[in-house]
Amino acid sequence: MKKCITEPKLQQFYILATSPGLAKEALILKHGDSFALFDPHGDIRQEGLGEQGLYHCGTRFLSKLELHFCQARPFWLNSATTQDNLMVVSDLTNPDMLLEEEEFLPRGSVHILRQKFLYKGTCYEAVKIENFSPCKIHLPLSIAYDADFVDIFEVRGFKRKKKGKFFPVQVDTASVTFKYLGLDGKLRITKIIFDPPPAELNTNEAVFHLELNPKEKTNIFVVIACFLDQEDEPVPFVRAYLSNRQELKRLRRTSCQVSSPQEFFDAWLKRSESDLFMMLTETPYGLYPYAGIPWFNTYFGRDAIITALESLWLNPEIAKGVLRFLAATQATEFDPARDAEPGKILHEMRFGELAATGEIPFARYYGTVDATPLFLVLAGAYYERTQDINLIKDLWPHFEAALLWMKEYGDLDGDGFIEYQASEEGLVNKGWKDSHDSVFHADGTMASPPIALVEVQAYAYLAYLKMARLAKALGQTSLAEQLKQEAQILREKFLKAFWDEDMGFFVLALDGDKRPCRVYTSNAGHVLWGGLAEEKQAISVAKRLFSENMFSGWGVRTLSAKEILFNPVSYHNGSVWPHDNAIIARGLARYRLKHFVAKILTGLAHASEHFPLHRMPELFCGFKRRPDQGPIPYPVACNPQAWAAGAVFMLIEAALGLEFIPSGLCFCYPVLPPFLRRLKLRNLRVNGTSIDLDIVNHDADVTINVLRKPKRIEILVRK
């Protein structure tokens with residue numbers, strides 16, 4: 001029998017999905033370096049993909065949390081995540097139960113409300129139990145727990161040869177403590193504290209004996225704290241919750257608030273904002289968006305840069321934090337094991353045990369080919385948005401180092417293009433489509449390295465232009481001219497090597513023999529964002545991106561349905577990625593192809609109606625849109641994902657043609673799709689002040705109504 005399935009061992013960091021995921025959406029919390037996934041009951045159970053748990057710094061500190069009522073699992077009534085993402089809530093009740101002395105308790109007699117939130121490495125839960133029966137009840141309520149201290153990569157399927165040391169579980173009158181000493185020398189501690197103290201407490205279960213009169217209620221508080229190396233006192237319950245709310249309020253005060261009277265679109269906007277803010281982590285360098293939950297809740301270079309670009313007009317502080325962090329972690333020396341070269345920008349940084357011991361190469365890993373030019377693109381875009389010349393001056397040596405990497409180390413064979421080699425220990429492909437099978441020829445054979453990806457050259461071109469403007473702003477006019485010339489030379493070479501007249505499209509890549517990969521992919525849309533295409537080429541690319549083979553009805557697929565490796569359930573070869581579509585839309589807007597921008601915005605907006613909480617996932621399957629049905633979820637997609645959350649804001653930016661100019665703000669050829677009648681922008685920060693706008697769709701025209709602005713701010717509309 002012919003073997004055609006790729007074995008996981010061939011993809012060392014593949015996310016295993018050996019059984020179906022949960023039928024219902026998980027309840028998700030995130031704060032800083034911690035996140036948690038619960039089932040709809042509010043429990044942690046190892047079912048489906050086995051990803052549920054409370055995680056801190058890349059390790060699962062709690063692997064079991066199950067509430068039982070009279071030795072039975074309560075009935076699930078409802079569960080929800082609050083709109084601000086600060087809390088998850090589960091409503092439960094008792095099943096029909098036969099109590100002591102054959103007393104019958106009908107289902108629905110007792111209500112159990114579970115409310116949880118995260119703050120600074122600690123999960124806080126309040127359990128409220130209320131008796132709605134006409135009789136006094138005497139019932140046991142138990143909470144079972146466990147801590148396995150596995151690395152997130154073990155949850156993903158990585159097999160270890162050896163584990164660290166588990167200590168005996170410590171039990172006190174009101175607390176239980178689990179301890180594990182990893183092979184990295186770090187002591188990981190999980191402490192569970194109960195208030196009031198349970199009647200019975202052991203190494204795996206706490207039991208409360210409830211006695212409730214009719215209409216009487218009681219509360220149980222559970223605090224689960226995660227510590228590294230030493231225990232500390234967790235922040236008190238109420239203060240932790242209030243601090244959480246204050247952090248969110250500060251973020252909102254410094255961000256533009258976008259809303260719409262169109263209910264489903266407004267729900268997408270609100271959830272996207274909440275997801276974006278939830279994924280932000282405060283670092284010594286400022287705000288930084290972690291990539292996604294559960295698999296990528298850590299620092300990623302490319303993801304953070306694109307998220308910062310998507311949200312730049314909403315809150316430039318995100319971009320500032322990303323630039324400062326990536327500058328601080330920029331490679332300064334050669335280290336082949338980490339794919340590090342001087343000037344190169346970080347791909348991924350992990351804190352778990354496997355990274356610390358070197359069992360995986362991601363403690364500080366630089367195996368990306370596009371993060372370095374994108375770093376420079378973000379720097380230029382940030383300056384255009386803020387005119388913050390001081391940050392540009394501070395980080396200028398890092399920008400110069402990134403430029404040097406592009407010229408000296410990124411161009412492996414001196415042909416003017418940026419290429420990459422496969423890594424023995426790390427990633428095979430190093431663009432944003434980093435699956436092992438994402439770069440191939442029309443006959444399905446994999447491209448041989450070194451590989452020059454089409455979109456990476458577009459990022460490089462844009463990086464040269466952005467750096468030229470920054471050099472000019474710093475008074476380095478000769479460097480500015482040199483960079484503009486280098487951009488022009490790159491463009492000329494690029495159009496000769498990557499444009500395929502027969503295809504009417506840009507090829508995916510050049511392989512090690514400079515043979516073009518003649519396949520239709522969404523990567524070509526990124527070329528439009530970079531601005532390399534001639535106008536006729538841009539129109540040709542747009543038409544093919546929106547052909548039936550590439551546009552699913554919900555969005556542009558990563559790969560055309562006519563290609564030999566097309567699979568709508570693949571990660572990169574036929575799926576739909578919201579951030580990919582947002583970048584394509586930004587490119588279409590550059591060439592004033594706004595009707596296509598509206599088509600993407602409409603498709604993704606209607607897709608959001610079908611996702612739980614209106615939360616846009618990392619990706620979804622690329623099946624053709626069917627009447628009265630929603631898009632098909634991808635089995636192991638991160639949800640939420642930072643750059644998926646930011647996609648709607650870049651789409652709005654593209655539709656409105658939003659540009660920040662020295663005197664204020666410009667709307668370049670603004671359009672809105674027919675379903676979207678009005679947008680409200682409040683607290684949009686422009687040149688150190690705040691403005692409020694209403695954007696109104698009149699079908700044949702879009703008007704910008706200015707509600708509040710200082711006289712010195714100029715607002716232009718180009719039509």
# chains A, B, ... in the order shown; residues from 1 in each chain; ligands from 1

call {"tool": "residues_around", "arguments": {"residues": "Phe132 (chain A)", "least_positions_apart": "2", "cutoff": "9 Å", "atoms": "only C-alpha atoms", "output": "ChimeraX atom specification"}}
result
/A:108-111,130,134-135,213-216

call {"tool": "residues_around", "arguments": {"residues": "region 222-238 of chain A", "least_positions_apart": "3", "cutoff": "6 Å", "atoms": "only C-alpha atoms", "output": "PyMOL selection string"}}
result
chain A and resi 121-125+186-194+241

call {"tool": "write_last_selection", "arguments": {"atoms": "N, CA and C atoms", "output": "compact mmCIF listing (two decimals), in the first residue's frame"}}
result
# COMPACT_ATOMS: atom_id res chain seq x y z
N GLY A 121 -0.26 35.76 36.77
CA GLY A 121 0.09 34.37 37.03
C GLY A 121 -0.83 33.64 37.97
N THR A 122 -2.00 34.20 38.25
CA THR A 122 -2.93 33.58 39.19
C THR A 122 -4.33 33.54 38.59
N CYS A 123 -5.00 32.41 38.75
CA CYS A 123 -6.39 32.25 38.34
C CYS A 123 -7.28 32.38 39.56
N TYR A 124 -8.25 33.27 39.48
CA TYR A 124 -9.18 33.52 40.57
C TYR A 124 -10.56 33.00 40.17
N GLU A 125 -11.20 32.26 41.07
CA GLU A 125 -12.54 31.76 40.78
C GLU A 125 -13.46 31.99 41.98
N LYS A 186 14.69 25.01 37.11
CA LYS A 186 13.66 25.90 37.64
C LYS A 186 12.63 25.10 38.45
N LEU A 187 12.28 25.64 39.60
CA LEU A 187 11.24 25.05 40.43
C LEU A 187 9.90 25.70 40.07
N ARG A 188 8.96 24.87 39.65
CA ARG A 188 7.63 25.35 39.28
C ARG A 188 6.63 24.92 40.35
N ILE A 189 5.83 25.87 40.80
CA ILE A 189 4.95 25.64 41.95
C ILE A 189 3.52 26.04 41.60
N THR A 190 2.58 25.18 41.90
CA THR A 190 1.16 25.49 41.78
C THR A 190 0.55 25.43 43.17
N LYS A 191 -0.03 26.53 43.62
CA LYS A 191 -0.65 26.56 44.95
C LYS A 191 -2.13 26.88 44.80
N ILE A 192 -2.99 25.99 45.34
CA ILE A 192 -4.44 26.16 45.28
C ILE A 192 -4.92 26.51 46.68
N ILE A 193 -5.59 27.65 46.81
CA ILE A 193 -6.05 28.15 48.11
C ILE A 193 -7.57 28.23 48.10
N PHE A 194 -8.20 27.69 49.14
CA PHE A 194 -9.66 27.68 49.23
C PHE A 194 -10.13 28.59 50.36
N TYR A 241 -8.98 41.85 40.63
CA TYR A 241 -10.00 42.12 39.61
C TYR A 241 -10.05 43.61 39.26

call {"tool": "closest_residue", "arguments": {"among": "A:Tyr145, A:Trp554, A:Phe375, A:Phe667", "to": "Gly603 (chain A)", "atoms": "only C-alpha atoms"}}
result
A:Trp554

call {"tool": "atom_distance", "arguments": {"atom1": "CA of Asp694 (chain A)", "atom2": "CA of Met650 (chain A)"}}
result
17.8 Å

call {"tool": "residues_around", "arguments": {"residues": "Gln387 (chain A)", "least_positions_apart": "2", "cutoff": "10 Å", "atoms": "only C-alpha atoms", "output": "list in words"}}
result
Gly380, Ala381, Tyr382, Tyr383, Glu384, Arg385, Ile389, Asn390, Leu391, Ile392, Ala473, Phe660, Ile661, Pro662, Asn687 and Gly688 of chain A

call {"tool": "atom_distance", "arguments": {"atom1": "CA of Leu508 (chain A)", "atom2": "CA of Val439 (chain A)"}}
result
7.4 Å

call {"tool": "residues_around", "arguments": {"residues": "Tyr55 (chain A)", "least_positions_apart": "5", "cutoff": "8 Å", "atoms": "only C-alpha atoms", "output": "ChimeraX atom specification"}}
result
/A:34-36,60-62

call {"tool": "closest_residue", "arguments": {"among": "A:Met279, A:Leu483, A:Ala468, A:Ile691", "to": "Thr298 (chain A)", "atoms": "only C-alpha atoms"}}
result
A:Met279

call {"tool": "atom_distance", "arguments": {"atom1": "CA of Ala700 (chain A)", "atom2": "CA of Lys719 (chain A)"}}
result
11.7 Å

call {"tool": "residues_around", "arguments": {"residues": "Cys57 (chain A)", "least_positions_apart": "3", "cutoff": "8 Å", "atoms": "only C-alpha atoms", "output": "short mmCIF file (atom, residue, chain, number, x, y, z; two decimals) with N, CA and C atoms, in the first residue's frame"}}
result
data_model
loop_
_atom_site.label_atom_id
_atom_site.label_comp_id
_atom_site.auth_asym_id
_atom_site.auth_seq_id
_atom_site.Cartn_x
_atom_site.Cartn_y
_atom_site.Cartn_z
N ASP A 33 1.97 36.59 30.92
CA ASP A 33 2.57 35.33 30.47
C ASP A 33 1.72 34.12 30.83
N SER A 34 0.48 34.34 31.23
CA SER A 34 -0.40 33.24 31.63
C SER A 34 -1.63 33.20 30.75
N ARG A 350 10.79 31.52 23.55
CA ARG A 350 10.02 30.67 24.46
C ARG A 350 10.69 30.63 25.83
N PHE A 351 9.84 30.37 26.87
CA PHE A 351 10.34 30.35 28.24
C PHE A 351 10.17 28.99 28.91
N GLY A 352 9.60 28.01 28.23
CA GLY A 352 9.32 26.73 28.84
C GLY A 352 10.58 25.90 29.07
#

call {"tool": "closest_residue", "arguments": {"among": "A:Leu346, A:Ile112, A:Leu470, A:Ala422", "to": "Ala379 (chain A)", "atoms": "only C-alpha atoms"}}
result
A:Leu470

call {"tool": "closest_residue", "arguments": {"among": "A:Met278, A:Ile293, A:Val127, A:Ile539", "to": "Gly58 (chain A)", "atoms": "only C-alpha atoms"}}
result
A:Ile293

call {"tool": "select_by_dssp", "arguments": {"residues": "region 398-439 of chain A", "states": "alpha helix (DSSP H)", "output": "list in words"}}
result
His398, Phe399, Glu400, Ala401, Ala402, Leu403 and Leu404 of chain A

call {"tool": "residues_around", "arguments": {"residues": "Phe649 (chain A)", "least_positions_apart": "6", "cutoff": "12 Å", "atoms": "only C-alpha atoms", "output": "JSON list (two decimals) with C-alpha atoms, in the first residue's frame"}}
result
[["chain", "number", "residue", "atom", "x", "y", "z"],
["A", 256, "CYS", "CA", -9.27, 55.00, 19.05],
["A", 257, "GLN", "CA", -12.73, 53.54, 19.64],
["A", 258, "VAL", "CA", -14.37, 52.19, 16.47],
["A", 259, "SER", "CA", -18.04, 51.28, 16.37],
["A", 265, "PHE", "CA", -20.17, 44.18, 12.36],
["A", 268, "TRP", "CA", -16.84, 41.78, 15.34],
["A", 269, "LEU", "CA", -15.20, 45.13, 16.04],
["A", 270, "LYS", "CA", -15.73, 44.89, 19.80],
["A", 271, "ARG", "CA", -14.48, 41.31, 20.03],
["A", 272, "SER", "CA", -11.47, 42.14, 17.86],
["A", 273, "GLU", "CA", -10.57, 45.07, 20.08],
["A", 276, "LEU", "CA", -6.18, 42.55, 20.61],
["A", 306, "ILE", "CA", 2.01, 42.73, 11.45],
["A", 307, "THR", "CA", -0.32, 43.14, 14.45],
["A", 308, "ALA", "CA", 1.34, 46.49, 15.18],
["A", 309, "LEU", "CA", 0.89, 47.57, 11.55],
["A", 310, "GLU", "CA", -2.77, 46.54, 11.61],
["A", 311, "SER", "CA", -3.45, 48.52, 14.79],
["A", 312, "LEU", "CA", -1.07, 51.42, 14.13],
["A", 313, "TRP", "CA", -3.82, 53.93, 13.44],
["A", 314, "LEU", "CA", -5.72, 52.80, 16.55],
["A", 315, "ASN", "CA", -2.85, 52.92, 19.03],
["A", 578, "PRO", "CA", -7.76, 37.01, 7.94],
["A", 579, "HIS", "CA", -4.42, 38.83, 8.32],
["A", 581, "ASN", "CA", -6.58, 39.13, 3.44],
["A", 582, "ALA", "CA", -6.06, 42.38, 5.33],
["A", 583, "ILE", "CA", -2.59, 42.84, 3.83],
["A", 585, "ALA", "CA", -6.70, 44.65, 0.92],
["A", 586, "ARG", "CA", -4.11, 47.24, 1.92],
["A", 601, "LEU", "CA", -14.33, 43.25, 4.03],
["A", 605, "ALA", "CA", -17.57, 40.44, 8.07],
["A", 642, "ALA", "CA", -3.40, 38.70, 17.57],
["A", 643, "TRP", "CA", -3.02, 39.35, 13.83],
["A", 655, "ALA", "CA", -11.35, 50.87, 2.71],
["A", 656, "LEU", "CA", -11.12, 54.44, 4.01],
["A", 657, "GLY", "CA", -7.67, 55.08, 2.54],
["A", 658, "LEU", "CA", -6.60, 56.36, 5.94],
["A", 679, "LEU", "CA", -18.64, 54.01, 11.16],
["A", 681, "LEU", "CA", -14.29, 56.88, 15.15]]

call {"tool": "residues_around", "arguments": {"residues": "Leu676 (chain A)", "least_positions_apart": "2", "cutoff": "12 Å", "atoms": "only C-alpha atoms", "output": "list of chain:residue names"}}
result
A:Ser259, A:Ser260, A:Pro261, A:Gln262, A:Glu263, A:Phe264, A:Phe265, A:Asp266, A:Ala598, A:Lys599, A:Leu601, A:Thr602, A:Ala605, A:His606, A:Ile652, A:Ala655, A:Val671, A:Leu672, A:Pro673, A:Pro674, A:Arg678, A:Leu679, A:Lys680, A:Ile695, A:Val696, A:Asn697, A:His698, A:Asp699, A:Val702

call {"tool": "write_last_selection", "arguments": {"atoms": "C-alpha atoms", "output": "PDB file, in the first residue's frame"}}
result
ATOM      1  CA  SER A 259     -18.037  51.277  16.368  1.00  0.00           C
ATOM      2  CA  SER A 260     -20.929  50.819  13.984  1.00  0.00           C
ATOM      3  CA  PRO A 261     -24.739  50.698  14.282  1.00  0.00           C
ATOM      4  CA  GLN A 262     -24.581  47.544  12.113  1.00  0.00           C
ATOM      5  CA  GLU A 263     -24.905  45.040  14.976  1.00  0.00           C
ATOM      6  CA  PHE A 264     -23.010  42.020  13.652  1.00  0.00           C
ATOM      7  CA  PHE A 265     -20.169  44.184  12.363  1.00  0.00           C
ATOM      8  CA  ASP A 266     -19.991  46.068  15.645  1.00  0.00           C
ATOM      9  CA  ALA A 598     -15.012  46.008  -0.150  1.00  0.00           C
ATOM     10  CA  LYS A 599     -15.412  42.401  -1.286  1.00  0.00           C
ATOM     11  CA  LEU A 601     -14.332  43.248   4.025  1.00  0.00           C
ATOM     12  CA  THR A 602     -17.815  41.956   3.233  1.00  0.00           C
ATOM     13  CA  ALA A 605     -17.566  40.437   8.074  1.00  0.00           C
ATOM     14  CA  HIS A 606     -20.189  37.830   7.213  1.00  0.00           C
ATOM     15  CA  ILE A 652     -11.079  49.567   7.589  1.00  0.00           C
ATOM     16  CA  ALA A 655     -11.345  50.873   2.710  1.00  0.00           C
ATOM     17  CA  VAL A 671     -15.353  53.482   0.216  1.00  0.00           C
ATOM     18  CA  LEU A 672     -17.539  51.318   2.418  1.00  0.00           C
ATOM     19  CA  PRO A 673     -19.298  48.101   1.330  1.00  0.00           C
ATOM     20  CA  PRO A 674     -23.085  48.331   0.913  1.00  0.00           C
ATOM     21  CA  ARG A 678     -21.842  54.117   9.152  1.00  0.00           C
ATOM     22  CA  LEU A 679     -18.637  54.008  11.159  1.00  0.00           C
ATOM     23  CA  LYS A 680     -17.868  55.997  14.278  1.00  0.00           C
ATOM     24  CA  ILE A 695     -18.045  58.050   8.377  1.00  0.00           C
ATOM     25  CA  VAL A 696     -21.316  57.791   6.418  1.00  0.00           C
ATOM     26  CA  ASN A 697     -21.955  55.548   3.403  1.00  0.00           C
ATOM     27  CA  HIS A 698     -24.297  57.156   0.827  1.00  0.00           C
ATOM     28  CA  ASP A 699     -23.854  54.312  -1.704  1.00  0.00           C
ATOM     29  CA  VAL A 702     -18.718  58.326   1.488  1.00  0.00           C
TER      30      VAL A 702
END

call {"tool": "closest_residue", "arguments": {"among": "A:Val89, A:Val576, A:Ala144, A:Val176", "to": "Pro631 (chain A)", "atoms": "only C-alpha atoms"}}
result
A:Val576

call {"tool": "closest_residue", "arguments": {"among": "A:Trp499, A:Tyr119, A:Phe506, A:Phe75", "to": "Leu29 (chain A)", "atoms": "only C-alpha atoms"}}
result
A:Tyr119
